[in-house]
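Shown here: coords.tsv, TSV, C-alpha atoms (C1' of nucleotides).
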```
chain	number	residue	atom	x	y	z
A	2	MET	CA	54.76	129.08	98.07
A	3	LEU	CA	53.15	125.69	98.13
A	4	SER	CA	55.71	122.89	97.87
A	5	LYS	CA	55.44	120.33	95.09
A	6	LYS	CA	55.06	117.74	97.79
A	7	THR	CA	51.83	119.36	98.97
A	8	LYS	CA	50.56	119.98	95.47
A	9	TYR	CA	51.22	116.39	94.43
A	10	GLY	CA	49.71	115.12	97.64
A	11	LEU	CA	46.51	117.06	97.11
A	12	LYS	CA	46.23	115.90	93.52
A	13	ALA	CA	46.78	112.29	94.54
A	14	LEU	CA	44.15	112.49	97.27
A	15	THR	CA	41.72	113.97	94.78
A	16	TYR	CA	42.47	111.18	92.33
A	17	ILE	CA	41.88	108.51	94.97
A	18	ALA	CA	38.64	110.14	96.07
A	19	ARG	CA	37.38	110.14	92.50
A	20	SER	CA	38.38	106.58	91.72
A	21	LYS	CA	35.53	104.09	91.37
A	22	GLY	CA	35.36	100.68	92.95
A	23	ASP	CA	36.67	99.19	96.16
A	24	LEU	CA	40.17	98.32	94.98
A	25	PRO	CA	43.03	100.29	96.50
A	26	VAL	CA	44.70	102.61	94.00
A	27	PRO	CA	48.35	101.83	93.13
A	28	VAL	CA	50.90	104.65	93.11
A	29	GLY	CA	51.93	103.95	89.53
A	30	GLU	CA	48.45	104.67	88.25
A	31	ILE	CA	48.23	108.01	90.05
A	32	ALA	CA	51.74	109.02	89.04
A	33	GLU	CA	51.06	108.40	85.38
A	34	SER	CA	47.67	110.03	85.31
A	35	GLU	CA	48.72	113.14	87.24
A	36	ASN	CA	52.24	113.57	85.83
A	37	ILE	CA	53.98	113.07	89.14
A	38	PRO	CA	57.40	111.37	89.52
A	39	GLN	CA	56.52	107.96	90.90
A	40	LYS	CA	59.24	107.55	93.53
A	41	PHE	CA	58.55	111.01	94.87
A	42	LEU	CA	54.84	110.28	95.06
A	43	GLU	CA	55.57	107.03	96.89
A	44	SER	CA	57.22	108.93	99.71
A	45	ILE	CA	54.38	111.45	99.85
A	46	LEU	CA	51.68	108.81	100.10
A	47	LEU	CA	53.73	107.08	102.74
A	48	THR	CA	53.63	110.14	104.98
A	49	LEU	CA	49.91	110.50	104.36
A	50	ARG	CA	49.48	106.92	105.44
A	51	LYS	CA	51.62	107.36	108.53
A	52	SER	CA	49.58	110.39	109.50
A	53	GLY	CA	46.37	108.37	109.24
A	54	VAL	CA	44.77	110.01	106.22
A	55	LEU	CA	45.39	107.04	103.93
A	56	GLY	CA	45.38	103.31	104.43
A	57	SER	CA	47.39	100.93	102.29
A	58	LYS	CA	47.49	97.36	101.14
A	59	LYS	CA	50.72	95.70	100.09
A	60	GLY	CA	51.45	93.26	97.30
A	61	LYS	CA	49.64	92.52	94.07
A	62	HIS	CA	46.40	94.47	93.70
A	63	GLY	CA	47.63	96.62	96.55
A	64	GLY	CA	47.60	100.39	96.75
A	65	TYR	CA	46.22	103.25	98.78
A	66	TYR	CA	42.69	104.09	99.93
A	67	LEU	CA	41.00	106.75	102.05
A	68	ARG	CA	40.45	105.93	105.70
A	69	GLN	CA	37.46	108.26	105.92
A	70	GLU	CA	34.78	109.60	103.64
A	71	PRO	CA	35.97	112.56	101.53
A	72	THR	CA	33.49	114.78	103.39
A	73	GLU	CA	35.29	113.96	106.62
A	74	ILE	CA	38.80	114.75	105.42
A	75	LYS	CA	39.50	118.39	106.23
A	76	MET	CA	42.06	120.52	104.48
A	77	THR	CA	43.43	121.74	107.81
A	78	ASP	CA	44.63	118.23	108.58
A	79	VAL	CA	45.93	117.46	105.13
A	80	MET	CA	47.78	120.77	104.85
A	81	ARG	CA	49.42	120.37	108.24
A	82	VAL	CA	50.67	116.92	107.32
A	83	LEU	CA	51.98	117.91	103.90
A	84	GLU	CA	53.00	121.54	104.22
A	85	GLY	CA	53.48	121.94	107.95
A	86	PRO	CA	52.23	125.01	109.84
A	87	ILE	CA	49.41	126.99	108.27
A	88	ALA	CA	50.62	130.21	109.88
A	89	MET	CA	53.28	132.23	108.09
A	90	VAL	CA	55.30	132.78	111.28
A	91	PRO	CA	55.81	130.30	114.12
A	92	CYS	CA	54.88	132.89	116.76
A	93	VAL	CA	51.35	132.85	115.37
A	94	SER	CA	50.98	129.13	114.78
A	95	LEU	CA	48.33	127.24	116.74
A	96	ASN	CA	49.85	123.79	116.25
A	97	PHE	CA	53.53	124.61	115.83
A	98	TYR	CA	54.01	127.63	118.10
A	99	GLU	CA	57.51	128.98	118.70
A	100	LYS	CA	58.64	132.24	120.19
A	101	CYS	CA	60.69	134.54	117.95
A	102	ASP	CA	64.26	135.03	119.13
A	103	ASP	CA	64.34	138.61	117.96
A	104	CYS	CA	60.99	140.14	119.09
A	105	PRO	CA	60.98	140.91	122.84
A	106	ASP	CA	57.19	141.41	123.08
A	107	GLU	CA	54.69	139.61	120.86
A	108	GLU	CA	51.85	141.84	122.00
A	109	LYS	CA	53.58	144.87	120.52
A	110	CYS	CA	54.85	143.20	117.36
A	111	SER	CA	53.32	144.59	114.19
A	112	VAL	CA	54.18	141.50	112.15
A	113	ASN	CA	52.50	139.28	114.71
A	114	LYS	CA	49.20	141.19	114.48
A	115	LEU	CA	49.15	141.11	110.71
A	116	MET	CA	49.98	137.44	110.48
A	117	ILE	CA	47.26	136.49	112.97
A	118	GLN	CA	44.75	137.95	110.55
A	119	VAL	CA	46.21	136.07	107.61
A	120	ARG	CA	46.26	132.87	109.61
A	121	ASP	CA	42.63	133.23	110.65
A	122	ASN	CA	41.48	133.84	107.11
A	123	THR	CA	43.44	130.94	105.69
A	124	LEU	CA	42.28	128.70	108.47
A	125	GLN	CA	38.69	129.56	107.70
A	126	VAL	CA	39.14	128.35	104.13
A	127	PHE	CA	40.84	125.12	105.14
A	128	ARG	CA	38.32	124.38	107.89
A	129	ASN	CA	35.43	124.80	105.51
A	130	THR	CA	36.94	122.70	102.75
A	131	THR	CA	37.07	118.92	102.63
A	132	LEU	CA	38.42	116.46	100.10
A	133	ALA	CA	34.85	116.11	98.85
A	134	ASP	CA	34.96	119.74	97.72
A	135	LEU	CA	38.23	119.17	95.87
A	136	SER	CA	37.07	116.02	94.15
A	137	GLY	CA	33.57	117.26	93.43
A	138	LYS	CA	31.89	114.47	95.41
B	20	MET	CA	56.60	130.54	105.80
B	21	LEU	CA	57.47	134.21	105.86
B	22	SER	CA	61.12	134.84	105.04
B	23	LYS	CA	63.31	136.74	107.49
B	24	LYS	CA	63.79	139.29	104.79
B	25	THR	CA	60.08	140.09	104.79
B	26	LYS	CA	59.80	140.00	108.54
B	27	TYR	CA	62.76	142.34	108.98
B	28	GLY	CA	61.47	144.58	106.24
B	29	LEU	CA	58.08	144.94	107.88
B	30	LYS	CA	59.64	145.66	111.25
B	31	ALA	CA	61.92	148.26	109.74
B	32	LEU	CA	59.05	149.98	107.96
B	33	THR	CA	57.10	150.02	111.19
B	34	TYR	CA	60.07	151.51	113.00
B	35	ILE	CA	60.47	154.25	110.41
B	36	ALA	CA	56.74	155.04	110.48
B	37	ARG	CA	56.87	155.44	114.25
B	38	SER	CA	60.00	157.59	114.33
B	39	LYS	CA	59.50	161.22	115.25
B	40	GLY	CA	60.97	164.19	113.45
B	41	ASP	CA	61.88	164.89	109.87
B	42	LEU	CA	65.33	163.35	109.84
B	43	PRO	CA	65.81	160.20	107.77
B	44	VAL	CA	66.39	157.11	109.89
B	45	PRO	CA	69.81	155.45	109.57
B	46	VAL	CA	70.00	151.68	109.11
B	47	GLY	CA	72.23	151.23	112.14
B	48	GLU	CA	69.61	152.64	114.46
B	49	ILE	CA	66.90	150.31	113.16
B	50	ALA	CA	69.18	147.29	113.19
B	51	GLU	CA	70.14	147.83	116.80
B	52	SER	CA	66.67	148.56	118.03
B	53	GLU	CA	65.00	145.67	116.21
B	54	ASN	CA	67.76	143.06	116.55
B	55	ILE	CA	68.37	142.74	112.84
B	56	PRO	CA	71.81	142.06	111.30
B	57	GLN	CA	72.81	145.43	109.89
B	58	LYS	CA	74.30	144.37	106.57
B	59	PHE	CA	71.30	142.20	105.84
B	60	LEU	CA	68.95	145.05	106.68
B	61	GLU	CA	70.92	147.35	104.39
B	62	SER	CA	70.15	145.14	101.42
B	63	ILE	CA	66.49	144.89	102.38
B	64	LEU	CA	66.01	148.62	102.66
B	65	LEU	CA	67.80	149.02	99.38
B	66	THR	CA	65.21	146.89	97.60
B	67	LEU	CA	62.42	148.79	99.32
B	68	ARG	CA	63.94	151.99	98.04
B	69	LYS	CA	64.37	150.66	94.53
B	70	SER	CA	60.74	149.62	94.51
B	71	GLY	CA	59.66	153.11	95.50
B	72	VAL	CA	58.38	152.49	99.01
B	73	LEU	CA	61.29	154.21	100.71
B	74	GLY	CA	63.41	157.22	99.86
B	75	SER	CA	66.96	157.68	101.05
B	76	LYS	CA	69.51	160.33	101.76
B	77	LYS	CA	73.22	159.59	101.60
B	78	GLY	CA	76.06	160.82	103.76
B	79	LYS	CA	76.10	162.15	107.31
B	80	HIS	CA	72.62	162.53	108.80
B	81	GLY	CA	71.40	160.36	105.97
B	82	GLY	CA	69.08	157.40	106.17
B	83	TYR	CA	65.71	156.17	104.95
B	84	TYR	CA	62.27	157.77	104.99
B	85	LEU	CA	58.78	156.91	103.74
B	86	ARG	CA	57.79	158.26	100.35
B	87	GLN	CA	54.10	158.24	101.27
B	88	GLU	CA	51.98	158.58	104.38
B	89	PRO	CA	51.71	155.31	106.34
B	90	THR	CA	47.97	155.26	105.53
B	91	GLU	CA	48.85	155.15	101.84
B	92	ILE	CA	51.33	152.27	102.03
B	93	LYS	CA	49.39	149.08	101.42
B	94	MET	CA	50.51	145.66	102.55
B	95	THR	CA	49.81	144.21	99.10
B	96	ASP	CA	52.59	146.34	97.66
B	97	VAL	CA	55.05	145.80	100.49
B	98	MET	CA	54.49	142.04	100.55
B	99	ARG	CA	54.92	141.72	96.80
B	100	VAL	CA	58.22	143.58	96.94
B	101	LEU	CA	59.61	141.66	99.89
B	102	GLU	CA	58.06	138.20	99.67
B	103	GLY	CA	57.07	137.99	96.03
B	104	PRO	CA	53.73	136.50	94.93
B	105	ILE	CA	50.91	136.51	97.45
B	106	ALA	CA	49.36	133.41	95.91
B	107	MET	CA	50.62	130.01	97.02
B	108	VAL	CA	50.83	128.68	93.47
B	109	PRO	CA	51.89	130.62	90.36
B	110	CYS	CA	48.86	129.40	88.38
B	111	VAL	CA	46.68	131.44	90.74
B	112	SER	CA	48.84	134.54	91.03
B	113	LEU	CA	47.46	137.84	89.76
B	114	ASN	CA	50.82	139.59	89.42
B	115	PHE	CA	53.16	136.66	88.81
B	116	TYR	CA	51.00	134.23	86.83
B	117	GLU	CA	52.58	131.09	85.37
B	118	LYS	CA	51.01	127.97	83.95
B	119	CYS	CA	51.78	124.70	85.71
B	120	ASP	CA	53.74	122.26	83.57
B	121	ASP	CA	52.02	119.23	85.06
B	122	CYS	CA	48.30	120.24	85.10
B	123	PRO	CA	46.67	120.00	81.63
B	124	ASP	CA	43.52	121.93	82.57
B	125	GLU	CA	43.41	124.64	85.22
B	126	GLU	CA	39.64	124.73	85.24
B	127	LYS	CA	39.50	121.16	86.45
B	128	CYS	CA	42.40	121.36	88.88
B	129	SER	CA	41.35	120.88	92.50
B	130	VAL	CA	44.46	122.57	93.85
B	131	ASN	CA	43.81	125.60	91.68
B	132	LYS	CA	40.30	126.08	93.06
B	133	LEU	CA	41.41	125.78	96.65
B	134	MET	CA	44.32	128.16	96.25
B	135	ILE	CA	42.17	130.80	94.61
B	136	GLN	CA	40.13	130.93	97.78
B	137	VAL	CA	43.22	131.22	99.96
B	138	ARG	CA	44.62	133.92	97.72
B	139	ASP	CA	41.41	135.95	97.83
B	140	ASN	CA	41.23	135.79	101.60
B	141	THR	CA	44.86	136.73	102.07
B	142	LEU	CA	44.54	139.51	99.53
B	143	GLN	CA	41.59	140.92	101.42
B	144	VAL	CA	43.72	141.23	104.56
B	145	PHE	CA	46.64	142.85	102.76
B	146	ARG	CA	44.42	145.24	100.82
B	147	ASN	CA	42.72	146.42	103.98
B	148	THR	CA	45.91	146.87	105.95
B	149	THR	CA	48.35	149.76	105.62
B	150	LEU	CA	51.58	150.61	107.37
B	151	ALA	CA	49.51	152.91	109.57
B	152	ASP	CA	47.74	149.87	110.99
B	153	LEU	CA	51.04	148.15	111.72
B	154	SER	CA	52.60	151.16	113.37
B	155	GLY	CA	49.48	152.22	115.23
B	156	LYS	CA	49.36	155.61	113.53
C	9	DT	C1'	55.83	77.05	94.81
C	10	DG	C1'	57.25	80.70	92.08
C	11	DT	C1'	56.59	85.03	89.86
C	12	DA	C1'	54.87	89.50	89.29
C	13	DA	C1'	53.18	93.50	91.40
C	14	DT	C1'	52.96	96.23	94.88
C	15	DT	C1'	54.15	98.89	99.38
C	16	DC	C1'	57.85	100.01	102.63
C	17	DC	C1'	62.25	101.82	104.18
C	18	DT	C1'	66.76	104.09	104.25
C	19	DA	C1'	69.97	106.70	102.25
C	20	DG	C1'	71.77	109.98	99.36
C	21	DT	C1'	72.24	113.92	95.99
C	22	DA	C1'	71.86	117.99	92.92
C	23	DA	C1'	69.92	122.31	92.68
C	24	DA	C1'	67.77	126.13	94.50
C	25	DT	C1'	66.89	129.39	98.03
C	26	DC	C1'	67.73	131.75	102.23
C	27	DT	C1'	70.47	134.31	105.36
C	28	DA	C1'	73.55	136.53	105.76
C	29	DT	C1'	78.89	138.64	105.39
C	30	DA	C1'	82.86	141.15	103.15
C	31	DG	C1'	84.87	144.93	101.25
C	32	DG	C1'	84.88	148.85	99.54
C	33	DA	C1'	83.02	153.00	96.41
C	34	DT	C1'	80.27	157.01	96.73
C	35	DT	C1'	78.08	160.90	98.83
C	36	DA	C1'	77.11	164.59	102.10
C	37	DA	C1'	77.54	167.40	106.49
C	38	DT	C1'	80.43	169.77	109.45
D	26	DA	C1'	89.72	166.51	105.98
D	27	DT	C1'	86.93	163.65	108.70
D	28	DT	C1'	83.07	161.20	109.77
D	29	DA	C1'	78.85	158.97	108.91
D	30	DA	C1'	75.96	157.38	106.03
D	31	DT	C1'	74.06	154.86	101.63
D	32	DC	C1'	75.17	152.05	97.57
D	33	DC	C1'	76.90	148.10	95.04
D	34	DT	C1'	78.79	143.56	93.88
D	35	DA	C1'	80.25	139.33	95.07
D	36	DT	C1'	80.27	135.33	97.65
D	37	DA	C1'	79.74	131.72	101.19
D	38	DG	C1'	77.50	128.66	104.40
D	39	DA	C1'	73.24	126.54	105.82
D	40	DT	C1'	68.93	124.80	104.86
D	41	DT	C1'	65.27	123.12	102.12
D	42	DT	C1'	63.38	121.11	98.08
D	43	DA	C1'	62.66	117.77	94.79
D	44	DC	C1'	63.88	114.11	93.63
D	45	DT	C1'	66.59	109.23	92.74
D	46	DA	C1'	68.56	104.56	93.93
D	47	DG	C1'	68.30	100.23	95.56
D	48	DG	C1'	66.37	96.82	97.56
D	49	DA	C1'	63.44	94.34	101.45
D	50	DA	C1'	58.90	92.78	102.60
D	51	DT	C1'	54.38	91.44	101.41
D	52	DT	C1'	50.51	89.61	98.73
D	53	DA	C1'	47.76	87.53	94.80
D	54	DC	C1'	47.39	84.11	91.87
D	55	DA	C1'	48.83	80.67	88.18
```
If you convert what's in this file into structure tokens, what do you get?
Amino acid sequence: MLSKKTKYGLKALTYIARSKGDLPVPVGEIAESENIPQKFLESILLTLRKSGVLGSKKGKHGGYYLRQEPTEIKMTDVMRVLEGPIAMVPCVSLNFYEKCDDCPDEEKCSVNKLMIQVRDNTLQVFRNTTLADLSGK
Amino acid sequence: MLSKKTKYGLKALTYIARSKGDLPVPVGEIAESENIPQKFLESILLTLRKSGVLGSKKGKHGGYYLRQEPTEIKMTDVMRVLEGPIAMVPCVSLNFYEKCDDCPDEEKCSVNKLMIQVRDNTLQVFRNTTLADLSGK
DNA sequence: TGTAATTCCTAGTAAATCTATAGGATTAAT
DNA sequence: ATTAATCCTATAGATTTACTAGGAATTACA
């Protein structure tokens, strides 16, 4: 299941991508428009900023803005920041690999084989989708 | 992330599919061989039985057995029993659909569109994979 | 210079979910 | 009878999720 954090994050990014003008977008505006608890959204946008997806400006007329064009912002990156590993098991994760403590031999593990397929298919979707696709730009 | 319940369940099913002979397979044997806590595995196999994937026989020489050929047991069914919805958001689930309480219009929701693609790709894998593929039979 | 509007940061908390464990009742083979 | 299994209910500890609280720091602008 997708966490609310990720869902809210994606909606907020979409909102920012669609917003007109050069002014950074304040959290309050996004929260109200997208029905997201403001304080929660604050913390989400903060992690997106720390990961380099968003930039921010403090103070009056401050807010958040995209650091790249929507066409350059890939879902693989966004999803990894918000949701964590794309793979369903760590032993199949490209960016967050971990060996299973049960499983003596990954090569022979039936779950491993199945989850590699799922990972590859999901990855294909996220690699071929950018924020521009989400926001219709 | 895949729950341990699902992971253990898949491993157990694979083990049963690979086991020779007509005798039902006792939980203790699977638990030991696959490094799964026995009591936990008991409850997992119980839900697989209640859902119709497994049959069981009580008492001495009892245990669990497949109710269909491995080639007939699809991952879509097994995953739905063990893990629940295949979709990452309820508003995109075929078998467990629920409207989002935030989102006023699904048609216009960027998350919705993206998750439909992920769902379809994942579904394709699970529909084309049976227990026979996992167990190498 | 002061005030309002914003991000930034740390901490905490209530609820849900996950991962089991406990203890026995029931059933069947020998 | 004894032994070896499944079946059933309850519960407990750990982790994660989804927030909330409170205020410090920064900036625009009157």
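Within 7 Å of chain B, and counting all atoms listed in the file, chain A contributes Met2, Leu3, Lys8, Leu11, Lys12, Asn36, Met89, Val90, Asp103, Ser111, Val112, Gln118, Val119, Asn122, Thr123, Val126, Leu135 and Ser136 of chain A.
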Write out, as JSON lines, each residue of chain C that has an atom at most 8 Å from chain B, together with the closest pair of atoms and their distance in Å to one decimal, counting only C-alpha atoms (C1' of nucleotides), rows going by chain and rising number.
```
{"residue": "C:DC26", "atom": "C1'", "partner": "B:Ser22", "partner_atom": "CA", "distance": 7.8}
{"residue": "C:DT27", "atom": "C1'", "partner": "B:Lys23", "partner_atom": "CA", "distance": 7.9}
{"residue": "C:DA28", "atom": "C1'", "partner": "B:Phe59", "partner_atom": "CA", "distance": 6.1}
{"residue": "C:DT29", "atom": "C1'", "partner": "B:Lys58", "partner_atom": "CA", "distance": 7.4}
{"residue": "C:DT35", "atom": "C1'", "partner": "B:Gly78", "partner_atom": "CA", "distance": 5.3}
{"residue": "C:DA36", "atom": "C1'", "partner": "B:Gly78", "partner_atom": "CA", "distance": 4.3}
{"residue": "C:DA37", "atom": "C1'", "partner": "B:Lys79", "partner_atom": "CA", "distance": 5.5}
```
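For chain D, the residues within 10 Å of chain A are DT42, DA43, DC44, DT45, DA46, DA50, DT51, DT52, DA53 and DC54 of chain D, with all atoms listed in the file used to measure distance.
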With a distance cut-off of 12 Å and all atoms listed in the file, select the neighbouring residues of DA55 of chain D, excluding the residue or stretch itself and same-chain residues fewer than 6 positions from it, and output the selection as a PyMOL selection string. chain C and resi 9-12
Write to file, as a PDB file, in the frame of the given file, the residues of the selection just made, with C-alpha atoms (C1' of nucleotides).
```
ATOM      1  C1'  DT C   9      55.830  77.050  94.810  1.00  0.00           C
ATOM      2  C1'  DG C  10      57.250  80.700  92.080  1.00  0.00           C
ATOM      3  C1'  DT C  11      56.590  85.030  89.860  1.00  0.00           C
ATOM      4  C1'  DA C  12      54.870  89.500  89.290  1.00  0.00           C
TER       5       DA C  12
END
```
Can you tell me how far atom CA of Ser52 of chain B sits from atom CA of Glu99 of chain A, in Å to one decimal? 21.6 Å
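Note that atom CA of Ser70 of chain B and atom CA of Tyr84 of chain B are 13.4 Å apart.
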Please identify all polymer residues within 12 Å of segment 31-34 of chain D, counting all atoms listed in the file, omitting same-chain residues fewer than 6 positions from it, and present them as number ranges by chain. B: 43-47, 58, 61-62, 64-66, 68-69, 74-83; C: 30-36
Go ahead and compute the interatomic distance for atom CA of Leu67 of chain A and atom CA of Val79 of chain A, in Å to one decimal. 12.2 Å
Give me, as an mmCIF file with C-alpha atoms, in the coordinates of the input, all polymer residues having an atom no more than 9 Å from Arg146 of chain B, counting only C-alpha atoms (C1' of nucleotides) and skipping those fewer than 6 positions away in the same chain.
```
data_model
loop_
_atom_site.group_PDB
_atom_site.id
_atom_site.type_symbol
_atom_site.label_atom_id
_atom_site.label_comp_id
_atom_site.auth_asym_id
_atom_site.auth_seq_id
_atom_site.Cartn_x
_atom_site.Cartn_y
_atom_site.Cartn_z
ATOM 1 C CA LYS B 93 49.390 149.080 101.420
ATOM 2 C CA MET B 94 50.510 145.660 102.550
ATOM 3 C CA THR B 95 49.810 144.210 99.100
ATOM 4 C CA ASP B 96 52.590 146.340 97.660
#
```
Emit as JSON the padded axis-aligned box for all listed atoms of segment 14-31 of chain C, 8 Å per side, with centre and edge lengths in Å to one decimal.
```
{"center_x": 68.9, "center_y": 120.6, "center_z": 99.2, "size_x": 47.9, "size_y": 64.7, "size_z": 29.1}
```
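The closest residue to DA30 of chain D, picked from B:Ile63, B:Glu48, B:Leu32, B:Arg37 and counting all atoms listed in the file, is B:Glu48.
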Could you complete segment 19-32 of chain A so that it carries N, CA and C atoms, and give it back as a compact mmCIF listing (two decimals), in the coordinates of the input?
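See rebuild.txt below for the written result:
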```
# COMPACT_ATOMS: atom_id res chain seq x y z
N ARG A 19 38.21 110.26 93.70
CA ARG A 19 37.38 110.14 92.50
C ARG A 19 37.33 108.72 91.95
N SER A 20 38.29 107.90 92.34
CA SER A 20 38.38 106.58 91.72
C SER A 20 37.20 105.69 92.13
N LYS A 21 36.68 104.97 91.14
CA LYS A 21 35.53 104.09 91.37
C LYS A 21 35.98 102.77 91.97
N GLY A 22 35.06 102.04 92.53
CA GLY A 22 35.36 100.68 92.95
C GLY A 22 36.01 100.61 94.31
N ASP A 23 36.14 99.39 94.82
CA ASP A 23 36.67 99.19 96.16
C ASP A 23 38.16 98.90 96.19
N LEU A 24 38.76 98.65 95.02
CA LEU A 24 40.17 98.32 94.98
C LEU A 24 41.03 99.51 95.41
N PRO A 25 42.08 99.22 96.19
CA PRO A 25 43.03 100.29 96.50
C PRO A 25 43.71 100.77 95.22
N VAL A 26 44.11 102.02 95.20
CA VAL A 26 44.70 102.61 94.00
C VAL A 26 46.22 102.55 94.08
N PRO A 27 46.88 101.91 93.09
CA PRO A 27 48.35 101.83 93.13
C PRO A 27 49.00 103.16 92.75
N VAL A 28 50.17 103.40 93.32
CA VAL A 28 50.90 104.65 93.11
C VAL A 28 51.17 104.90 91.64
N GLY A 29 51.57 103.82 90.94
CA GLY A 29 51.93 103.95 89.53
C GLY A 29 50.81 104.56 88.69
N GLU A 30 49.60 104.16 88.99
CA GLU A 30 48.45 104.67 88.25
C GLU A 30 48.27 106.17 88.47
N ILE A 31 48.39 106.58 89.72
CA ILE A 31 48.23 108.01 90.05
C ILE A 31 49.36 108.82 89.42
N ALA A 32 50.57 108.31 89.55
CA ALA A 32 51.74 109.02 89.04
C ALA A 32 51.61 109.28 87.55
```
